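Participant: Just model_8.csv, nothing more (CSV, C-alpha atoms):
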```csv
chain,number,residue,atom,x,y,z
X,1,MET,CA,116.7,138.9,128.4
X,2,THR,CA,116.4,135.2,129.2
X,3,LEU,CA,116.3,132.4,126.5
X,4,THR,CA,113.5,130.0,127.2
X,5,LYS,CA,111.9,127.0,125.4
X,6,ALA,CA,109.2,129.3,124.0
X,7,GLU,CA,111.9,131.5,122.3
X,8,MET,CA,113.7,128.5,121.0
X,9,ALA,CA,110.6,127.0,119.5
X,10,GLU,CA,109.7,130.4,117.9
X,11,ARG,CA,113.1,130.4,116.2
X,12,LEU,CA,112.6,126.9,114.9
X,13,PHE,CA,109.4,128.1,113.4
X,14,LEU,CA,111.0,131.1,111.8
X,15,ASP,CA,114.4,129.7,110.8
X,16,VAL,CA,113.8,126.0,110.2
X,17,GLY,CA,110.2,126.2,109.0
X,18,LEU,CA,108.7,123.7,111.5
X,19,ASN,CA,105.1,124.4,112.4
X,20,LYS,CA,104.5,125.8,115.9
X,21,ARG,CA,103.5,122.4,117.4
X,22,GLU,CA,106.5,120.6,115.8
X,23,ALA,CA,108.8,123.3,117.0
X,24,ARG,CA,107.5,123.0,120.6
X,25,GLU,CA,107.7,119.2,120.5
X,26,CYS,CA,111.2,119.3,119.0
X,27,VAL,CA,112.5,121.6,121.8
X,28,ASP,CA,110.9,119.5,124.5
X,29,ALA,CA,112.3,116.3,122.9
X,30,PHE,CA,115.8,117.9,122.6
X,31,PHE,CA,116.1,118.3,126.4
X,32,GLU,CA,114.4,115.0,127.1
X,33,VAL,CA,116.9,113.1,125.0
X,34,LEU,CA,119.7,114.9,126.9
X,35,ARG,CA,118.1,114.0,130.3
X,36,GLU,CA,117.7,110.4,129.3
X,37,ALA,CA,121.3,110.0,128.3
X,38,LEU,CA,122.5,111.6,131.6
X,39,GLU,CA,120.0,109.4,133.5
X,40,ARG,CA,121.5,106.3,131.9
X,41,GLY,CA,124.9,107.5,133.1
X,42,GLU,CA,126.0,108.6,129.6
X,43,PRO,CA,127.9,111.9,129.4
X,44,VAL,CA,126.8,114.3,126.6
X,45,LYS,CA,129.3,116.1,124.3
X,46,LEU,CA,128.1,118.9,122.2
X,47,SER,CA,131.1,120.1,120.2
X,48,GLY,CA,131.4,123.8,120.0
X,49,PHE,CA,129.1,124.2,123.1
X,50,GLY,CA,130.3,122.0,125.9
X,51,ASN,CA,130.2,118.7,127.7
X,52,PHE,CA,127.7,117.5,130.4
X,53,ASP,CA,129.7,115.1,132.6
X,54,LEU,CA,128.6,112.9,135.5
X,55,ARG,CA,130.4,112.7,138.8
X,56,ASN,CA,129.8,110.3,141.6
X,57,LYS,CA,130.2,112.0,145.0
X,58,ASN,CA,130.9,110.1,148.2
X,59,GLN,CA,128.9,110.7,151.4
X,60,ARG,CA,130.4,113.7,153.3
X,61,PRO,CA,129.6,115.5,156.5
X,62,GLY,CA,127.3,118.5,156.2
X,63,ARG,CA,125.5,120.9,158.4
X,64,ASN,CA,122.1,122.6,158.3
X,65,PRO,CA,123.0,126.2,157.8
X,66,LYS,CA,120.0,127.4,159.8
X,67,THR,CA,120.2,125.2,162.9
X,68,GLY,CA,123.9,124.3,162.8
X,69,GLU,CA,122.8,120.7,163.2
X,70,GLU,CA,125.2,118.1,161.7
X,71,ILE,CA,123.7,115.9,159.0
X,72,PRO,CA,125.5,113.7,156.5
X,73,ILE,CA,125.2,114.6,152.8
X,74,SER,CA,124.4,111.2,151.2
X,75,ALA,CA,126.4,109.8,148.3
X,76,ARG,CA,125.0,111.0,145.0
X,77,ARG,CA,125.6,111.4,141.3
X,78,VAL,CA,125.6,114.9,139.9
X,79,VAL,CA,125.8,116.6,136.4
X,80,THR,CA,128.5,119.1,135.7
X,81,PHE,CA,128.9,121.3,132.6
X,82,ARG,CA,132.3,122.0,131.1
X,83,PRO,CA,132.0,124.7,128.5
X,84,GLY,CA,133.9,124.1,125.3
X,85,GLN,CA,136.8,126.3,124.1
X,86,LYS,CA,134.7,127.9,121.4
X,87,LEU,CA,131.9,128.9,123.8
X,88,LYS,CA,134.3,130.1,126.4
X,89,LEU,CA,135.9,132.4,123.8
X,90,ARG,CA,132.6,133.7,122.6
X,91,VAL,CA,131.5,134.5,126.2
X,92,GLU,CA,134.8,136.0,127.2
X,93,ASN,CA,134.6,138.5,124.4
X,94,HIS,CA,131.1,139.6,125.4
X,95,ALA,CA,130.8,143.4,125.6
X,96,GLY,CA,129.9,143.6,129.2
X,97,SER,CA,133.0,141.7,130.4
X,98,GLY,CA,134.3,144.6,132.4
X,99,GLN,CA,132.1,143.8,135.4
X,100,GLN,CA,128.9,141.9,136.4
U,1,MET,CA,126.3,110.9,123.5
U,2,THR,CA,127.6,113.2,120.7
U,3,LYS,CA,125.8,115.9,118.7
U,4,SER,CA,125.2,113.5,115.8
U,5,GLU,CA,123.9,110.7,118.2
U,6,LEU,CA,121.6,113.3,119.7
U,7,ILE,CA,120.3,114.2,116.2
U,8,THR,CA,119.7,110.5,115.5
U,9,ALA,CA,117.9,109.9,118.8
U,10,LEU,CA,115.7,112.9,118.2
U,11,ALA,CA,114.9,111.9,114.6
U,12,GLU,CA,113.9,108.5,115.9
U,13,ARG,CA,111.4,110.1,118.3
U,14,GLN,CA,110.1,112.8,115.8
U,15,LYS,CA,109.4,110.4,112.9
U,16,HIS,CA,107.1,112.9,111.2
U,17,LEU,CA,110.1,115.3,110.7
U,18,ALA,CA,112.6,115.0,107.9
U,19,PHE,CA,116.1,114.0,109.2
U,20,ALA,CA,117.6,117.1,107.7
U,21,ASP,CA,115.1,119.3,109.6
U,22,VAL,CA,116.0,117.6,112.9
U,23,GLU,CA,119.6,118.2,112.1
U,24,LEU,CA,118.9,121.9,111.4
U,25,ALA,CA,116.8,122.1,114.5
U,26,VAL,CA,119.5,120.7,116.8
U,27,ARG,CA,122.2,123.0,115.4
U,28,ASN,CA,119.8,125.9,115.6
U,29,VAL,CA,119.0,125.3,119.3
U,30,ILE,CA,122.7,124.9,120.2
U,31,GLU,CA,123.5,128.1,118.3
U,32,GLN,CA,120.7,130.0,120.0
U,33,MET,CA,122.1,128.9,123.4
U,34,SER,CA,125.6,130.0,122.4
U,35,VAL,CA,124.4,133.4,121.1
U,36,ALA,CA,122.4,134.0,124.3
U,37,LEU,CA,125.4,133.4,126.5
U,38,ALA,CA,127.8,135.3,124.3
U,39,GLY,CA,125.4,138.3,124.6
U,40,GLY,CA,125.3,138.0,128.4
U,41,ASP,CA,121.8,136.5,128.5
U,42,ARG,CA,120.6,133.7,130.8
U,43,ILE,CA,119.0,130.4,129.6
U,44,GLU,CA,116.3,128.9,131.7
U,45,ILE,CA,114.8,125.4,130.9
U,46,ARG,CA,112.5,124.1,133.6
U,47,GLY,CA,113.3,120.6,134.6
U,48,PHE,CA,116.7,120.7,132.8
U,49,GLY,CA,118.6,123.6,134.3
U,50,SER,CA,119.8,127.2,133.8
U,51,PHE,CA,122.8,128.7,132.2
U,52,SER,CA,124.3,132.0,133.3
U,53,LEU,CA,127.6,133.8,133.3
U,54,HIS,CA,129.9,134.0,136.3
U,55,TYR,CA,132.4,136.8,136.5
U,56,ARG,CA,136.1,136.2,137.1
U,57,PRO,CA,137.8,139.3,138.4
U,58,PRO,CA,141.1,140.5,136.9
U,59,ARG,CA,144.2,138.8,138.3
U,60,THR,CA,147.9,138.7,137.9
U,61,GLY,CA,149.0,135.5,136.2
U,62,ARG,CA,152.5,134.3,135.4
U,63,ASN,CA,154.0,133.0,132.2
U,64,PRO,CA,154.8,129.5,133.3
U,65,LYS,CA,157.9,129.4,131.1
U,66,THR,CA,159.6,132.7,132.1
U,67,GLY,CA,157.9,133.4,135.5
U,68,THR,CA,157.1,137.0,134.3
U,69,ALA,CA,153.9,138.5,135.8
U,70,VAL,CA,151.1,139.2,133.2
U,71,ALA,CA,148.0,141.2,134.0
U,72,LEU,CA,144.9,139.1,133.1
U,73,PRO,CA,141.7,141.1,132.6
U,74,GLY,CA,138.4,140.1,134.2
U,75,LYS,CA,136.1,137.8,132.1
U,76,HIS,CA,132.9,135.9,132.2
U,77,VAL,CA,132.6,132.2,132.1
U,78,PRO,CA,129.5,130.1,131.4
U,79,HIS,CA,127.9,128.3,134.3
U,80,PHE,CA,125.3,125.6,134.4
U,81,LYS,CA,123.0,124.8,137.3
U,82,PRO,CA,121.1,121.6,136.9
U,83,GLY,CA,117.3,121.8,137.5
U,84,LYS,CA,115.5,119.7,140.1
U,85,GLU,CA,114.1,117.1,137.7
U,86,LEU,CA,117.5,116.5,136.0
U,87,ARG,CA,119.3,116.3,139.4
U,88,GLN,CA,116.8,113.7,140.7
U,89,ARG,CA,116.7,111.6,137.6
U,90,VAL,CA,120.5,111.5,137.3
U,91,ASN,CA,120.9,110.5,140.9
U,92,GLU,CA,118.2,107.8,140.7
U,93,GLY,CA,119.9,106.5,137.6
U,94,ARG,CA,122.9,105.8,139.8
U,95,ASP,CA,121.6,102.4,140.9
U,96,SER,CA,121.1,101.1,137.3
U,97,SER,CA,124.3,102.2,135.7
U,98,PRO,CA,128.0,102.2,136.7
```
Represent the structure of the file as C-alpha coordinates.
Facilitator:
Amino acid sequence: MTLTKAEMAERLFLDVGLNKREARECVDAFFEVLREALERGEPVKLSGFGNFDLRNKNQRPGRNPKTGEEIPISARRVVTFRPGQKLKLRVENHAGSGQQ
Amino acid sequence: MTKSELITALAERQKHLAFADVELAVRNVIEQMSVALAGGDRIEIRGFGSFSLHYRPPRTGRNPKTGTAVALPGKHVPHFKPGKELRQRVNEGRDSSP
(Lines of atoms letter the chains of each structure in order from A and count residues from 1; the text may use other names and numbers.)
(Lines give C-alpha, C1' and ligand atoms only; values in the text may rest on other atoms or scores of the structure.)
Protein backbone atom coordinates (compact mmCIF):
# COMPACT_ATOMS: atom_id res chain seq x y z
CA MET A 1 0.00 0.00 0.00
CA THR A 2 1.08 3.55 -0.69
CA LEU A 3 -0.18 6.62 1.15
CA THR A 4 -1.16 9.40 -1.27
CA LYS A 5 -2.80 12.82 -1.03
CA ALA A 6 -6.15 11.22 -1.94
CA GLU A 7 -5.98 8.87 1.09
CA MET A 8 -4.88 11.72 3.35
CA ALA A 9 -7.85 13.84 2.24
CA GLU A 10 -10.23 10.92 2.74
CA ARG A 11 -9.05 10.59 6.35
CA LEU A 12 -9.48 14.32 6.95
CA PHE A 13 -13.03 13.91 5.67
CA LEU A 14 -13.69 10.90 7.94
CA ASP A 15 -11.71 11.86 11.07
CA VAL A 16 -11.75 15.66 11.15
CA GLY A 17 -15.08 16.23 9.40
CA LEU A 18 -13.84 18.56 6.67
CA ASN A 19 -15.89 18.28 3.49
CA LYS A 20 -14.18 16.58 0.57
CA ARG A 21 -13.16 19.80 -1.16
CA GLU A 22 -11.82 21.35 2.06
CA ALA A 23 -9.93 18.14 2.82
CA ARG A 24 -8.30 18.09 -0.62
CA GLU A 25 -7.36 21.77 -0.42
CA CYS A 26 -6.00 21.34 3.08
CA VAL A 27 -3.70 18.49 2.05
CA ASP A 28 -2.48 20.46 -0.99
CA ALA A 29 -1.89 23.55 1.14
CA PHE A 30 -0.04 21.49 3.77
CA PHE A 31 2.64 20.44 1.27
CA GLU A 32 2.68 23.84 -0.43
CA VAL A 33 3.40 25.60 2.89
CA LEU A 34 6.28 23.16 3.47
CA ARG A 35 7.65 23.76 -0.05
CA GLU A 36 7.45 27.53 0.40
CA ALA A 37 9.35 27.42 3.70
CA LEU A 38 12.10 25.27 2.17
CA GLU A 39 12.18 27.49 -0.93
CA ARG A 40 12.80 30.50 1.35
CA GLY A 41 15.73 28.60 2.84
CA GLU A 42 13.89 27.86 6.05
CA PRO A 43 14.25 24.33 7.51
CA VAL A 44 11.06 22.60 8.72
CA LYS A 45 10.91 20.78 12.06
CA LEU A 46 7.92 18.53 12.67
CA SER A 47 8.42 17.20 16.17
CA GLY A 48 7.69 13.49 16.47
CA PHE A 49 8.16 13.06 12.71
CA GLY A 50 11.42 14.62 11.57
CA ASN A 51 13.28 17.63 10.20
CA PHE A 52 13.63 18.80 6.62
CA ASP A 53 17.02 20.50 6.45
CA LEU A 54 18.77 22.38 3.66
CA ARG A 55 22.33 21.79 2.54
CA ASN A 56 24.39 23.85 0.17
CA LYS A 57 26.58 21.68 -2.05
CA ASN A 58 29.67 22.97 -3.82
CA GLN A 59 30.34 22.18 -7.43
CA ARG A 60 32.00 18.77 -7.80
CA PRO A 61 33.28 16.64 -10.66
CA GLY A 62 30.81 14.15 -12.08
CA ARG A 63 30.54 11.77 -14.97
CA ASN A 64 27.80 10.75 -17.35
CA PRO A 65 27.35 7.09 -16.34
CA LYS A 66 26.33 6.13 -19.91
CA THR A 67 29.06 7.80 -21.93
CA GLY A 68 31.76 8.13 -19.25
CA GLU A 69 32.12 11.77 -20.25
CA GLU A 70 33.24 14.08 -17.44
CA ILE A 71 30.80 16.88 -16.58
CA PRO A 72 30.88 19.10 -13.49
CA ILE A 73 27.89 18.84 -11.13
CA SER A 74 26.95 22.46 -10.46
CA ALA A 75 26.70 23.97 -6.97
CA ARG A 76 23.19 23.50 -5.60
CA ARG A 77 20.96 23.54 -2.55
CA VAL A 78 19.26 20.28 -1.60
CA VAL A 79 16.66 19.13 0.95
CA THR A 80 17.53 16.33 3.34
CA PHE A 81 15.16 14.61 5.75
CA ARG A 82 16.31 13.53 9.21
CA PRO A 83 13.69 11.32 10.85
CA GLY A 84 13.01 12.08 14.51
CA GLN A 85 13.72 9.63 17.33
CA LYS A 86 10.03 8.81 17.75
CA LEU A 87 9.53 7.98 14.06
CA LYS A 88 12.76 5.96 13.93
CA LEU A 89 11.61 3.83 16.86
CA ARG A 90 8.16 3.27 15.37
CA VAL A 91 9.69 2.20 12.04
CA GLU A 92 12.39 0.03 13.62
CA ASN A 93 9.78 -1.99 15.44
CA HIS A 94 7.76 -2.58 12.31
CA ALA A 95 6.88 -6.26 11.92
CA GLY A 96 8.71 -6.89 8.65
CA SER A 97 12.03 -5.65 10.04
CA GLY A 98 13.72 -9.02 9.41
CA GLN A 99 14.40 -8.33 5.75
CA GLN A 100 13.34 -6.14 2.84
CA MET B 1 9.33 26.42 10.62
CA THR B 2 7.88 24.36 13.45
CA LYS B 3 4.64 22.38 13.55
CA SER B 4 2.80 25.24 15.26
CA GLU B 5 4.12 27.75 12.70
CA LEU B 6 2.95 25.39 9.97
CA ILE B 7 -0.53 25.30 11.54
CA THR B 8 -0.63 29.11 11.70
CA ALA B 9 0.54 29.47 8.08
CA LEU B 10 -2.04 26.94 6.92
CA ALA B 11 -4.86 28.57 8.91
CA GLU B 12 -3.96 31.90 7.33
CA ARG B 13 -4.40 30.39 3.90
CA GLN B 14 -7.56 28.38 4.70
CA LYS B 15 -9.51 31.22 6.30
CA HIS B 16 -12.85 29.44 5.90
CA LEU B 17 -11.67 26.68 8.28
CA ALA B 18 -11.71 26.95 12.08
CA PHE B 19 -8.21 27.20 13.55
CA ALA B 20 -8.92 24.12 15.68
CA ASP B 21 -9.78 22.11 12.55
CA VAL B 22 -6.54 23.14 10.85
CA GLU B 23 -4.68 22.06 13.97
CA LEU B 24 -6.44 18.68 13.92
CA ALA B 25 -5.83 18.32 10.18
CA VAL B 26 -2.07 18.94 10.48
CA ARG B 27 -1.70 16.49 13.36
CA ASN B 28 -3.86 13.98 11.47
CA VAL B 29 -1.74 14.17 8.29
CA ILE B 30 1.53 13.82 10.21
CA GLU B 31 0.13 10.87 12.16
CA GLN B 32 -1.05 9.22 8.93
CA MET B 33 2.46 9.57 7.54
CA SER B 34 4.02 8.05 10.68
CA VAL B 35 1.53 5.16 10.71
CA ALA B 36 2.15 4.43 7.03
CA LEU B 37 5.93 4.23 7.51
CA ALA B 38 5.60 2.27 10.78
CA GLY B 39 3.51 -0.27 8.86
CA GLY B 40 6.10 -0.54 6.10
CA ASP B 41 4.10 1.46 3.53
CA ARG B 42 5.48 4.10 1.17
CA ILE B 43 4.22 7.69 0.90
CA GLU B 44 4.12 9.39 -2.50
CA ILE B 45 3.33 13.08 -2.89
CA ARG B 46 3.81 14.35 -6.44
CA GLY B 47 5.84 17.55 -6.51
CA PHE B 48 6.98 17.11 -2.92
CA GLY B 49 8.66 13.72 -2.69
CA SER B 50 8.35 10.15 -1.53
CA PHE B 51 9.09 8.43 1.75
CA SER B 52 10.10 4.79 1.93
CA LEU B 53 12.00 2.49 4.23
CA HIS B 54 15.61 1.50 3.73
CA TYR B 55 16.90 -1.71 5.27
CA ARG B 56 20.00 -1.74 7.45
CA PRO B 57 21.41 -5.29 7.72
CA PRO B 58 22.40 -6.79 11.08
CA ARG B 59 25.87 -5.82 12.24
CA THR B 60 28.20 -6.28 15.16
CA GLY B 61 28.48 -3.11 17.17
CA ARG B 62 30.60 -2.33 20.19
CA ASN B 63 29.75 -0.91 23.54
CA PRO B 64 31.84 2.28 23.34
CA LYS B 65 32.54 2.17 27.10
CA THR B 66 33.65 -1.44 27.53
CA GLY B 67 34.59 -2.41 23.96
CA THR B 68 32.50 -5.61 24.15
CA ALA B 69 30.94 -6.78 20.90
CA VAL B 70 27.13 -6.57 20.70
CA ALA B 71 25.04 -8.17 17.97
CA LEU B 72 22.73 -5.52 16.48
CA PRO B 73 19.72 -6.84 14.55
CA GLY B 74 18.74 -5.55 11.09
CA LYS B 75 16.28 -2.67 11.02
CA HIS B 76 14.44 -0.31 8.72
CA VAL B 77 15.04 3.43 8.64
CA PRO B 78 12.83 6.11 7.02
CA HIS B 79 14.15 7.62 3.81
CA PHE B 80 12.94 10.73 1.93
CA LYS B 81 13.54 11.40 -1.75
CA PRO B 82 12.61 14.97 -2.73
CA GLY B 83 10.41 15.28 -5.83
CA LYS B 84 11.31 17.23 -8.93
CA GLU B 85 9.32 20.39 -8.13
CA LEU B 86 10.66 20.59 -4.57
CA ARG B 87 14.24 20.03 -5.77
CA GLN B 88 13.93 22.77 -8.38
CA ARG B 89 12.23 25.31 -6.14
CA VAL B 90 14.68 24.79 -3.28
CA ASN B 91 17.63 25.18 -5.62
CA GLU B 92 16.19 28.28 -7.28
CA GLY B 93 15.54 29.76 -3.83
CA ARG B 94 19.30 29.66 -3.29
CA ASP B 95 19.83 33.03 -5.00
CA SER B 96 17.40 34.92 -2.78
CA SER B 97 18.24 33.47 0.64
CA PRO B 98 21.49 32.73 2.52
Participant: For chain X, which residues have at least one atom within 6 Å of chain U, if we go by all atoms listed in the file? Write them as an MDAnalysis selection string, please.
Facilitator: chainID X and resid 1:4 39:41 44:46 76:77 81 90:92 94 97
Participant: CA of Val78 (chain X) and CA of Gly83 (chain U), how far apart in Å?
Facilitator: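 Interatomic distance here is 11.1 Å.
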Participant: Given the point (126.8, 115.2, 155.6) in the coordinates of this file, which residues lie within 6 Å, counting all atoms listed in the file, and how would they look as a PyMOL selection string?
Facilitator: chain X and resi 60-62+71-73
Participant: Just the number, please: distance in Å from CA of Glu10 (chain X) to CA of Glu22 (chain X), one decimal.
Facilitator: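 Straight-line distance from CA of Glu10 (chain X) to CA of Glu22 (chain X) works out to 10.5 Å.
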Participant: What is the distance between CA of Gln85 (chain X) and CA of Gly50 (chain X), in Å to one decimal?
Facilitator: 8.0 Å
Participant: Considering only C-alpha atoms, can you say which of X:Met8, X:Phe13, X:Glu42, X:Asn93 comes closest to Phe30 (chain X)?
Facilitator: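 Going through X:Met8, X:Phe13, X:Glu42, X:Asn93 one by one, the smallest distance to Phe30 (chain X) is for X:Met8.
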Participant: In terms of the shortest atom-to-atom distance over all atoms listed in the file, which of X:Val79, X:Ala23, X:Thr67, X:Leu18 is closest to Asn51 (chain X)?
Facilitator: X:Val79
Participant: Fix up region 31-50 of chain X with N, CA and C atoms, then write it as a PDB file, in the frame of the given file.
Facilitator:
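Dumped everything to part.pdb:
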```
ATOM      1  N   PHE X  31     115.621 118.400 124.995  1.00  0.00           N
ATOM      2  CA  PHE X  31     116.100 118.300 126.400  1.00  0.00           C
ATOM      3  C   PHE X  31     115.764 116.997 127.035  1.00  0.00           C
ATOM      4  N   GLU X  32     114.690 116.341 126.582  1.00  0.00           N
ATOM      5  CA  GLU X  32     114.400 115.000 127.100  1.00  0.00           C
ATOM      6  C   GLU X  32     115.412 113.987 126.712  1.00  0.00           C
ATOM      7  N   VAL X  33     115.871 114.059 125.473  1.00  0.00           N
ATOM      8  CA  VAL X  33     116.900 113.100 125.000  1.00  0.00           C
ATOM      9  C   VAL X  33     118.193 113.328 125.829  1.00  0.00           C
ATOM     10  N   LEU X  34     118.525 114.584 126.117  1.00  0.00           N
ATOM     11  CA  LEU X  34     119.700 114.900 126.900  1.00  0.00           C
ATOM     12  C   LEU X  34     119.529 114.303 128.352  1.00  0.00           C
ATOM     13  N   ARG X  35     118.344 114.541 128.938  1.00  0.00           N
ATOM     14  CA  ARG X  35     118.100 114.000 130.300  1.00  0.00           C
ATOM     15  C   ARG X  35     118.185 112.507 130.333  1.00  0.00           C
ATOM     16  N   GLU X  36     117.636 111.852 129.311  1.00  0.00           N
ATOM     17  CA  GLU X  36     117.700 110.400 129.300  1.00  0.00           C
ATOM     18  C   GLU X  36     119.076 109.839 129.200  1.00  0.00           C
ATOM     19  N   ALA X  37     119.907 110.492 128.387  1.00  0.00           N
ATOM     20  CA  ALA X  37     121.300 110.000 128.300  1.00  0.00           C
ATOM     21  C   ALA X  37     121.993 110.162 129.630  1.00  0.00           C
ATOM     22  N   LEU X  38     121.821 111.312 130.267  1.00  0.00           N
ATOM     23  CA  LEU X  38     122.500 111.600 131.600  1.00  0.00           C
ATOM     24  C   LEU X  38     121.940 110.619 132.631  1.00  0.00           C
ATOM     25  N   GLU X  39     120.654 110.332 132.554  1.00  0.00           N
ATOM     26  CA  GLU X  39     120.000 109.400 133.500  1.00  0.00           C
ATOM     27  C   GLU X  39     120.602 108.010 133.359  1.00  0.00           C
ATOM     28  N   ARG X  40     120.932 107.630 132.123  1.00  0.00           N
ATOM     29  CA  ARG X  40     121.500 106.300 131.900  1.00  0.00           C
ATOM     30  C   ARG X  40     123.008 106.302 132.281  1.00  0.00           C
ATOM     31  N   GLY X  41     123.537 107.444 132.690  1.00  0.00           N
ATOM     32  CA  GLY X  41     124.900 107.500 133.100  1.00  0.00           C
ATOM     33  C   GLY X  41     125.855 107.817 131.934  1.00  0.00           C
ATOM     34  N   GLU X  42     125.267 108.332 130.846  1.00  0.00           N
ATOM     35  CA  GLU X  42     126.000 108.600 129.600  1.00  0.00           C
ATOM     36  C   GLU X  42     126.302 110.102 129.511  1.00  0.00           C
ATOM     37  N   PRO X  43     127.573 110.528 129.519  1.00  0.00           N
ATOM     38  CA  PRO X  43     127.900 111.900 129.400  1.00  0.00           C
ATOM     39  C   PRO X  43     127.461 112.444 127.976  1.00  0.00           C
ATOM     40  N   VAL X  44     127.219 113.735 127.838  1.00  0.00           N
ATOM     41  CA  VAL X  44     126.800 114.300 126.600  1.00  0.00           C
ATOM     42  C   VAL X  44     127.848 115.319 126.106  1.00  0.00           C
ATOM     43  N   LYS X  45     128.301 115.172 124.876  1.00  0.00           N
ATOM     44  CA  LYS X  45     129.300 116.100 124.300  1.00  0.00           C
ATOM     45  C   LYS X  45     128.781 116.814 123.133  1.00  0.00           C
ATOM     46  N   LEU X  46     128.552 118.118 123.287  1.00  0.00           N
ATOM     47  CA  LEU X  46     128.100 118.900 122.200  1.00  0.00           C
ATOM     48  C   LEU X  46     129.201 119.791 121.697  1.00  0.00           C
ATOM     49  N   SER X  47     129.846 119.381 120.628  1.00  0.00           N
ATOM     50  CA  SER X  47     131.100 120.100 120.200  1.00  0.00           C
ATOM     51  C   SER X  47     130.738 121.516 119.851  1.00  0.00           C
ATOM     52  N   GLY X  48     131.599 122.420 120.252  1.00  0.00           N
ATOM     53  CA  GLY X  48     131.400 123.800 120.000  1.00  0.00           C
ATOM     54  C   GLY X  48     130.621 124.487 121.187  1.00  0.00           C
ATOM     55  N   PHE X  49     129.905 123.659 121.971  1.00  0.00           N
ATOM     56  CA  PHE X  49     129.100 124.200 123.100  1.00  0.00           C
ATOM     57  C   PHE X  49     129.766 123.767 124.420  1.00  0.00           C
ATOM     58  N   GLY X  50     129.729 122.467 124.687  1.00  0.00           N
ATOM     59  CA  GLY X  50     130.300 122.000 125.900  1.00  0.00           C
ATOM     60  C   GLY X  50     129.932 120.571 126.239  1.00  0.00           C
TER      61      GLY X  50
END
```
